[in-house]
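Structure below is work_7.cif: mmCIF, C-alpha atoms.
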```cif
data_start
#
loop_
_atom_site.group_PDB
_atom_site.id
_atom_site.type_symbol
_atom_site.label_atom_id
_atom_site.label_comp_id
_atom_site.auth_asym_id
_atom_site.auth_seq_id
_atom_site.Cartn_x
_atom_site.Cartn_y
_atom_site.Cartn_z
ATOM 1 C CA MET Y 1 199.490 158.474 161.768
ATOM 2 C CA MET Y 2 198.468 159.906 158.408
ATOM 3 C CA LYS Y 3 196.220 162.844 157.653
ATOM 4 C CA ASN Y 4 193.309 162.470 155.292
ATOM 5 C CA ARG Y 5 190.536 164.400 153.535
ATOM 6 C CA LEU Y 6 187.891 161.778 154.108
ATOM 7 C CA LYS Y 7 185.599 164.047 156.119
ATOM 8 C CA VAL Y 8 185.700 166.761 153.451
ATOM 9 C CA LEU Y 9 185.088 164.309 150.598
ATOM 10 C CA ARG Y 10 182.236 162.744 152.525
ATOM 11 C CA ALA Y 11 180.697 166.147 153.285
ATOM 12 C CA GLU Y 12 180.908 167.141 149.601
ATOM 13 C CA ARG Y 13 178.682 164.190 148.800
ATOM 14 C CA ASP Y 14 176.430 164.827 151.780
ATOM 15 C CA TRP Y 15 177.077 161.351 153.119
ATOM 16 C CA SER Y 16 176.866 160.473 156.781
ATOM 17 C CA GLN Y 17 179.553 158.322 158.385
ATOM 18 C CA ALA Y 18 177.068 155.454 158.264
ATOM 19 C CA ASP Y 19 176.520 156.013 154.516
ATOM 20 C CA LEU Y 20 180.242 155.890 153.852
ATOM 21 C CA ALA Y 21 180.656 152.867 156.124
ATOM 22 C CA ALA Y 22 177.966 150.998 154.167
ATOM 23 C CA ARG Y 23 179.664 151.847 150.861
ATOM 24 C CA LEU Y 24 183.026 150.640 152.168
ATOM 25 C CA ASP Y 25 181.564 147.618 153.966
ATOM 26 C CA VAL Y 26 183.090 148.649 157.303
ATOM 27 C CA SER Y 27 181.577 149.829 160.585
ATOM 28 C CA ARG Y 28 180.708 153.465 161.302
ATOM 29 C CA GLN Y 29 183.204 153.344 164.179
ATOM 30 C CA SER Y 30 185.941 152.434 161.700
ATOM 31 C CA VAL Y 31 185.045 155.349 159.420
ATOM 32 C CA ASN Y 32 185.157 157.682 162.418
ATOM 33 C CA ALA Y 33 188.557 156.320 163.512
ATOM 34 C CA ILE Y 34 189.965 156.814 159.995
ATOM 35 C CA GLU Y 35 188.489 160.315 159.621
ATOM 36 C CA THR Y 36 189.937 161.513 162.913
ATOM 37 C CA GLY Y 37 193.341 160.159 161.897
ATOM 38 C CA LYS Y 38 193.450 157.731 164.797
ATOM 39 C CA TYR Y 39 193.435 154.623 162.616
ATOM 40 C CA ASP Y 40 195.327 154.196 159.357
ATOM 41 C CA PRO Y 41 193.464 151.960 156.912
ATOM 42 C CA SER Y 42 195.170 149.037 155.217
ATOM 43 C CA LEU Y 43 196.315 149.410 151.611
ATOM 44 C CA PRO Y 44 193.312 147.439 150.256
ATOM 45 C CA LEU Y 45 190.900 149.683 152.174
ATOM 46 C CA ALA Y 46 192.791 152.818 151.112
ATOM 47 C CA PHE Y 47 192.456 151.712 147.469
ATOM 48 C CA LYS Y 48 188.774 151.029 148.012
ATOM 49 C CA ILE Y 49 188.317 154.531 149.439
ATOM 50 C CA ALA Y 50 190.237 156.023 146.518
ATOM 51 C CA ARG Y 51 188.073 154.152 144.003
ATOM 52 C CA LEU Y 52 184.898 155.240 145.784
ATOM 53 C CA PHE Y 53 185.878 158.918 145.610
ATOM 54 C CA ASP Y 54 187.439 158.498 142.161
ATOM 55 C CA ALA Y 55 190.681 160.079 143.316
ATOM 56 C CA PRO Y 56 194.289 158.935 143.704
ATOM 57 C CA ILE Y 57 195.251 157.685 147.160
ATOM 58 C CA GLU Y 58 197.728 160.544 147.640
ATOM 59 C CA ALA Y 59 194.916 163.040 147.029
ATOM 60 C CA ILE Y 60 193.065 161.610 150.022
ATOM 61 C CA PHE Y 61 195.854 160.539 152.363
ATOM 62 C CA SER Y 62 199.077 162.344 153.250
ATOM 63 C CA ASP Y 63 201.823 161.434 155.697
ATOM 64 C CA GLY Y 64 202.289 164.843 157.237
ATOM 65 C CA MET M 65 169.391 130.294 150.784
ATOM 66 C CA SER M 66 172.915 128.954 151.269
ATOM 67 C CA LEU M 67 174.459 128.524 154.716
ATOM 68 C CA ARG M 68 177.063 131.196 153.878
ATOM 69 C CA THR M 69 174.317 133.685 152.974
ATOM 70 C CA ARG M 70 172.461 132.907 156.169
ATOM 71 C CA PHE M 71 175.589 133.573 158.247
ATOM 72 C CA SER M 72 176.240 136.847 156.435
ATOM 73 C CA GLN M 73 172.859 138.102 157.680
ATOM 74 C CA VAL M 74 173.579 137.385 161.347
ATOM 75 C CA PRO M 75 174.667 140.594 163.126
ATOM 76 C CA ALA M 76 178.221 140.343 164.460
ATOM 77 C CA TRP M 77 177.118 141.068 168.060
ATOM 78 C CA ALA M 78 174.836 137.992 168.002
ATOM 79 C CA TYR M 79 177.767 135.600 167.633
ATOM 80 C CA ALA M 80 178.995 135.900 171.250
ATOM 81 C CA PRO M 81 175.740 134.834 172.980
ATOM 82 C CA ALA M 82 175.130 132.160 170.306
ATOM 83 C CA LEU M 83 178.610 130.693 170.746
ATOM 84 C CA ILE M 84 178.414 130.809 174.547
ATOM 85 C CA ALA M 85 174.981 129.130 174.541
ATOM 86 C CA GLY M 86 175.956 126.557 171.923
ATOM 87 C CA GLY M 87 179.327 125.919 173.548
ATOM 88 C CA ALA M 88 177.702 125.415 176.963
ATOM 89 C CA ALA M 89 175.023 123.140 175.516
ATOM 90 C CA ILE M 90 177.542 120.596 174.203
ATOM 91 C CA PRO M 91 179.033 119.509 177.595
ATOM 92 C CA ILE M 92 175.568 119.695 179.185
ATOM 93 C CA LEU M 93 174.305 117.316 176.489
ATOM 94 C CA GLY M 94 177.426 115.190 176.910
ATOM 95 C CA LYS M 95 176.771 114.834 180.637
ATOM 96 C CA HIS M 96 173.094 114.133 180.031
ATOM 97 C CA LEU M 97 173.979 111.356 177.576
ATOM 98 C CA GLY M 98 176.564 109.921 179.994
ATOM 99 C CA VAL M 99 179.478 110.420 177.598
ATOM 100 C CA MET M 100 181.549 112.362 180.125
ATOM 101 C CA ARG M 101 181.941 109.597 182.726
ATOM 102 C CA ASP M 102 185.624 109.019 181.938
ATOM 103 C CA PRO M 103 188.539 111.234 180.822
ATOM 104 C CA VAL M 104 188.397 109.981 177.205
ATOM 105 C CA GLY M 105 184.686 110.724 176.822
ATOM 106 C CA THR M 106 185.156 114.083 178.506
ATOM 107 C CA ALA M 107 188.030 114.928 176.153
ATOM 108 C CA VAL M 108 185.896 113.990 173.126
ATOM 109 C CA VAL M 109 182.985 116.169 174.253
ATOM 110 C CA MET M 110 185.221 119.117 175.144
ATOM 111 C CA THR M 111 187.037 118.807 171.806
ATOM 112 C CA ALA M 112 183.646 118.927 170.077
ATOM 113 C CA MET M 113 182.818 122.056 172.069
ATOM 114 C CA ILE M 114 186.114 123.724 171.123
ATOM 115 C CA ALA M 115 185.584 122.776 167.455
ATOM 116 C CA PHE M 116 182.109 124.332 167.512
ATOM 117 C CA VAL M 117 183.344 127.536 169.151
ATOM 118 C CA LEU M 118 186.298 127.812 166.736
ATOM 119 C CA TRP M 119 183.993 127.240 163.757
ATOM 120 C CA GLY M 120 181.641 129.975 164.964
ATOM 121 C CA THR M 121 184.519 132.301 165.804
ATOM 122 C CA LEU M 122 185.862 131.874 162.271
ATOM 123 C CA HIS M 123 182.524 133.027 160.853
ATOM 124 C CA TYR M 124 182.476 135.902 163.360
ATOM 125 C CA TRP M 125 186.033 136.901 162.372
ATOM 126 C CA ARG M 126 185.102 136.987 158.687
ATOM 127 C CA ARG M 127 182.267 139.382 159.493
ATOM 128 C CA LEU M 128 184.571 141.923 161.172
ATOM 129 C CA ASP M 129 186.130 144.830 159.346
ATOM 130 C CA GLU M 130 189.850 145.506 159.640
ATOM 131 C CA ALA M 131 189.612 148.020 162.512
ATOM 132 C CA ALA M 132 187.545 145.586 164.590
ATOM 133 C CA LYS M 133 190.093 142.828 163.871
ATOM 134 C CA GLU M 134 192.904 145.184 164.847
ATOM 135 C CA ALA M 135 191.138 145.934 168.148
ATOM 136 C CA HIS M 136 190.927 142.209 168.928
ATOM 137 C CA LYS M 137 194.569 141.600 167.991
ATOM 138 C CA PHE M 138 195.686 144.546 170.142
ATOM 139 C CA ALA M 139 193.527 143.334 173.033
ATOM 140 C CA TRP M 140 194.808 139.770 172.750
ATOM 141 C CA TYR M 141 198.458 140.832 172.648
ATOM 142 C CA TRP M 142 198.558 143.642 175.195
ATOM 143 C CA GLY M 143 195.581 142.803 177.397
ATOM 144 C CA GLY M 144 196.239 139.080 177.372
ATOM 145 C CA THR M 145 199.946 139.528 178.039
ATOM 146 C CA ALA M 146 199.328 142.021 180.852
ATOM 147 C CA GLY M 147 196.831 139.602 182.388
ATOM 148 C CA LEU M 148 199.368 136.806 182.152
ATOM 149 C CA MET M 149 201.943 138.978 183.932
ATOM 150 C CA VAL M 150 199.458 139.633 186.738
ATOM 151 C CA ALA M 151 198.855 135.899 187.014
ATOM 152 C CA PHE M 152 202.620 135.345 187.110
ATOM 153 C CA VAL M 153 203.081 137.815 189.969
ATOM 154 C CA ALA M 154 200.176 136.176 191.826
ATOM 155 C CA PHE M 155 201.729 132.757 191.234
ATOM 156 C CA ILE M 156 205.089 133.835 192.684
ATOM 157 C CA ALA M 157 203.479 135.628 195.630
ATOM 158 C CA LEU M 158 201.030 132.854 196.476
ATOM 159 C CA THR M 159 203.596 130.057 196.310
ATOM 160 C CA ALA M 160 205.975 131.883 198.649
ATOM 161 C CA ASN M 161 206.359 130.347 202.111
ATOM 162 C CA GLY M 162 205.244 126.932 200.879
ATOM 163 C CA GLY M 163 201.965 128.194 199.409
ATOM 164 C CA ASP M 164 200.061 128.383 202.685
ATOM 165 C CA LEU M 165 197.921 131.208 201.280
ATOM 166 C CA ILE M 166 196.632 128.910 198.506
ATOM 167 C CA GLY M 167 195.413 126.321 200.984
ATOM 168 C CA ALA M 168 193.666 129.032 202.990
ATOM 169 C CA GLY M 169 192.120 130.505 199.834
ATOM 170 C CA LEU M 170 190.712 127.155 198.778
ATOM 171 C CA GLY M 171 188.900 126.934 202.110
ATOM 172 C CA GLY M 172 190.115 123.453 202.929
ATOM 173 C CA ARG M 173 189.272 121.959 199.517
ATOM 174 C CA ILE M 174 192.760 120.546 199.206
ATOM 175 C CA SER M 175 192.740 118.190 196.236
ATOM 176 C CA PRO M 176 194.541 117.838 192.890
ATOM 177 C CA LYS M 177 191.291 118.889 191.148
ATOM 178 C CA ALA M 178 191.034 122.069 193.231
ATOM 179 C CA PHE M 179 194.673 122.976 192.551
ATOM 180 C CA VAL M 180 194.318 122.450 188.785
ATOM 181 C CA GLU M 181 191.087 124.471 188.704
ATOM 182 C CA LEU M 182 192.712 127.294 190.660
ATOM 183 C CA GLY M 183 195.704 127.281 188.327
ATOM 184 C CA VAL M 184 193.621 127.402 185.135
ATOM 185 C CA ILE M 185 191.145 129.971 186.450
ATOM 186 C CA GLY M 186 194.010 131.995 187.936
ATOM 187 C CA VAL M 187 195.482 132.402 184.438
ATOM 188 C CA LEU M 188 192.308 132.678 182.349
ATOM 189 C CA VAL M 189 190.482 135.268 184.456
ATOM 190 C CA PRO M 190 193.302 137.877 184.539
ATOM 191 C CA GLN M 191 193.876 137.304 180.815
ATOM 192 C CA MET M 192 190.189 137.828 179.991
ATOM 193 C CA ILE M 193 189.988 140.927 182.197
ATOM 194 C CA GLY M 194 193.109 142.299 180.504
ATOM 195 C CA TYR M 195 191.624 141.480 177.102
ATOM 196 C CA VAL M 196 188.364 143.314 177.783
ATOM 197 C CA VAL M 197 190.134 146.356 179.301
ATOM 198 C CA ALA M 198 192.526 146.604 176.322
ATOM 199 C CA TRP M 199 189.683 146.124 173.790
ATOM 200 C CA VAL M 200 187.564 148.862 175.377
ATOM 201 C CA GLY M 201 190.646 151.088 175.688
ATOM 202 C CA TRP M 202 191.485 150.620 172.000
ATOM 203 C CA TRP M 203 188.047 151.768 170.883
ATOM 204 C CA ILE M 204 188.012 154.700 173.324
ATOM 205 C CA ALA M 205 191.429 155.801 172.016
ATOM 206 C CA LYS M 206 190.220 155.603 168.394
ATOM 207 C CA ARG M 207 187.035 157.596 168.919
#
```
Represent the structure from my file as structure tokens, please.
Amino acid sequence: MMKNRLKVLRAERDWSQADLAARLDVSRQSVNAIETGKYDPSLPLAFKIARLFDAPIEAIFSDG
Amino acid sequence: MSLRTRFSQVPAWAYAPALIAGGAAIPILGKHLGVMRDPVGTAVVMTAMIAFVLWGTLHYWRRLDEAAKEAHKFAWYWGGTAGLMVAFVAFIALTANGGDLIGAGLGGRISPKAFVELGVIGVLVPQMIGYVVAWVGWWIAKR
């Protein structure tokens, strides 16, 4: 499983999990699973997340 | 409003009861209209029911996000396979000693129809239970 900064990036924008889920067109449960590192998103979703936060994928996700 | 737009507004949870109700209505209507008196008519009606359920399931599937799809795939593979293994063990155990236990379990309803029904239900029920357990387990593990 990968680590990610999704929770931090979301908090910086003062978005709830539901807000982020709506922006990504996924369920809140999916956002929670990604944030806690228990579910790795697909490449298309990872790109979508990167575009939303205007950051490179490697700045959000790391494999450590 | 297009049909596609209408479907996109239906909440994903509403598909299951709609598909069950619609799927059940087709054979009920088929019986009412007398179409299911012979095997051919029955096969036609049941094929129509399957087609309806598959069509609805396709729309449901398109509504799911990738994590929800992953949960279903995991549940189908692991839960369904585990259920099938349980059914296999039951099959071996129940057919031992000439299958006397099966006759007792059917309560004297010894007929080809009863045996086929027992066989189909004996596979489907463990698979569905396994599916539901694995699906719930997947979401609990990802919380």
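Residues from chain M found within 7 Å of chain Y are Asp129, Ala131, Lys206 and Arg207 of chain M, counting all atoms listed in the file.
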(message) What does the structure give for the distance between CA of Val104 in chain M and CA of Leu170 in chain M, in Å to one decimal?
(response) 27.7 Å
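For the pair CA of Gly86 in chain M and CA of Arg28 in chain Y, the interatomic distance is 29.3 Å.
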Check what the PyMOL selection byres ((chain M and resi 88-92) around 9) selects in the file above and give those residues as a PDB file with C-alpha atoms, in the frame of the given file.
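part15.pdb, written as the output of this step:
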```pdb
ATOM      1  CA  LEU M  83     178.610 130.693 170.746  1.00  0.00           C
ATOM      2  CA  ILE M  84     178.414 130.809 174.547  1.00  0.00           C
ATOM      3  CA  ALA M  85     174.981 129.130 174.541  1.00  0.00           C
ATOM      4  CA  GLY M  86     175.956 126.557 171.923  1.00  0.00           C
ATOM      5  CA  GLY M  87     179.327 125.919 173.548  1.00  0.00           C
ATOM      6  CA  LEU M  93     174.305 117.316 176.489  1.00  0.00           C
ATOM      7  CA  GLY M  94     177.426 115.190 176.910  1.00  0.00           C
ATOM      8  CA  LYS M  95     176.771 114.834 180.637  1.00  0.00           C
ATOM      9  CA  HIS M  96     173.094 114.133 180.031  1.00  0.00           C
ATOM     10  CA  LEU M  97     173.979 111.356 177.576  1.00  0.00           C
ATOM     11  CA  MET M 100     181.549 112.362 180.125  1.00  0.00           C
ATOM     12  CA  THR M 106     185.156 114.083 178.506  1.00  0.00           C
ATOM     13  CA  VAL M 109     182.985 116.169 174.253  1.00  0.00           C
ATOM     14  CA  MET M 110     185.221 119.117 175.144  1.00  0.00           C
ATOM     15  CA  ALA M 112     183.646 118.927 170.077  1.00  0.00           C
ATOM     16  CA  MET M 113     182.818 122.056 172.069  1.00  0.00           C
ATOM     17  CA  PHE M 116     182.109 124.332 167.512  1.00  0.00           C
TER      18      PHE M 116
END
```
(request) Name the residues in contact with Pro75 in chain M at a cut-off of 12 Å, using all atoms listed in the file, excluding same-chain residues fewer than 3 positions from it; report them as a ChimeraX atom specification. (result) /Y:27 /M:70-72,78-82,123-128
With all atoms of range 11-30 of chain Y from the file as input, state the centre and edge lengths in Å to one decimal of the axis-aligned box that has 6 Å extra on each side, as lines of an AutoDock Vina configuration file.
```
center_x = 181.2
center_y = 157.4
center_z = 156.5
size_x = 21.5
size_y = 31.5
size_z = 27.4
```
Since the input is missing atoms, can you rebuild N, CA and C atoms for range 141-155 of chain M and write them as a PDB file, in the coordinates of the input?
```pdb
ATOM      1  N   TYR M 141     197.016 140.712 172.383  1.00  0.00           N
ATOM      2  CA  TYR M 141     198.458 140.832 172.648  1.00  0.00           C
ATOM      3  C   TYR M 141     198.727 141.585 173.951  1.00  0.00           C
ATOM      4  N   TRP M 142     198.229 142.815 174.043  1.00  0.00           N
ATOM      5  CA  TRP M 142     198.558 143.642 175.195  1.00  0.00           C
ATOM      6  C   TRP M 142     197.735 143.295 176.425  1.00  0.00           C
ATOM      7  N   GLY M 143     196.437 143.136 176.259  1.00  0.00           N
ATOM      8  CA  GLY M 143     195.581 142.803 177.397  1.00  0.00           C
ATOM      9  C   GLY M 143     195.863 141.403 177.917  1.00  0.00           C
ATOM     10  N   GLY M 144     195.973 140.466 176.977  1.00  0.00           N
ATOM     11  CA  GLY M 144     196.239 139.080 177.372  1.00  0.00           C
ATOM     12  C   GLY M 144     197.597 138.933 178.033  1.00  0.00           C
ATOM     13  N   THR M 145     198.599 139.615 177.467  1.00  0.00           N
ATOM     14  CA  THR M 145     199.946 139.528 178.039  1.00  0.00           C
ATOM     15  C   THR M 145     199.995 140.188 179.415  1.00  0.00           C
ATOM     16  N   ALA M 146     199.347 141.338 179.549  1.00  0.00           N
ATOM     17  CA  ALA M 146     199.328 142.021 180.852  1.00  0.00           C
ATOM     18  C   ALA M 146     198.635 141.140 181.895  1.00  0.00           C
ATOM     19  N   GLY M 147     197.539 140.505 181.480  1.00  0.00           N
ATOM     20  CA  GLY M 147     196.831 139.602 182.388  1.00  0.00           C
ATOM     21  C   GLY M 147     197.705 138.434 182.817  1.00  0.00           C
ATOM     22  N   LEU M 148     198.455 137.922 181.857  1.00  0.00           N
ATOM     23  CA  LEU M 148     199.368 136.806 182.152  1.00  0.00           C
ATOM     24  C   LEU M 148     200.446 137.230 183.148  1.00  0.00           C
ATOM     25  N   MET M 149     200.923 138.465 183.009  1.00  0.00           N
ATOM     26  CA  MET M 149     201.943 138.978 183.932  1.00  0.00           C
ATOM     27  C   MET M 149     201.368 139.095 185.346  1.00  0.00           C
ATOM     28  N   VAL M 150     200.118 139.546 185.426  1.00  0.00           N
ATOM     29  CA  VAL M 150     199.458 139.633 186.738  1.00  0.00           C
ATOM     30  C   VAL M 150     199.353 138.243 187.357  1.00  0.00           C
ATOM     31  N   ALA M 151     198.967 137.277 186.531  1.00  0.00           N
ATOM     32  CA  ALA M 151     198.855 135.899 187.014  1.00  0.00           C
ATOM     33  C   ALA M 151     200.214 135.387 187.469  1.00  0.00           C
ATOM     34  N   PHE M 152     201.271 135.792 186.754  1.00  0.00           N
ATOM     35  CA  PHE M 152     202.620 135.345 187.110  1.00  0.00           C
ATOM     36  C   PHE M 152     203.036 135.910 188.469  1.00  0.00           C
ATOM     37  N   VAL M 153     202.762 137.188 188.677  1.00  0.00           N
ATOM     38  CA  VAL M 153     203.081 137.815 189.969  1.00  0.00           C
ATOM     39  C   VAL M 153     202.303 137.116 191.092  1.00  0.00           C
ATOM     40  N   ALA M 154     201.006 136.854 190.821  1.00  0.00           N
ATOM     41  CA  ALA M 154     200.176 136.176 191.826  1.00  0.00           C
ATOM     42  C   ALA M 154     200.725 134.782 192.126  1.00  0.00           C
ATOM     43  N   PHE M 155     201.168 134.101 191.067  1.00  0.00           N
ATOM     44  CA  PHE M 155     201.729 132.757 191.234  1.00  0.00           C
ATOM     45  C   PHE M 155     202.963 132.779 192.144  1.00  0.00           C
TER      46      PHE M 155
END
```
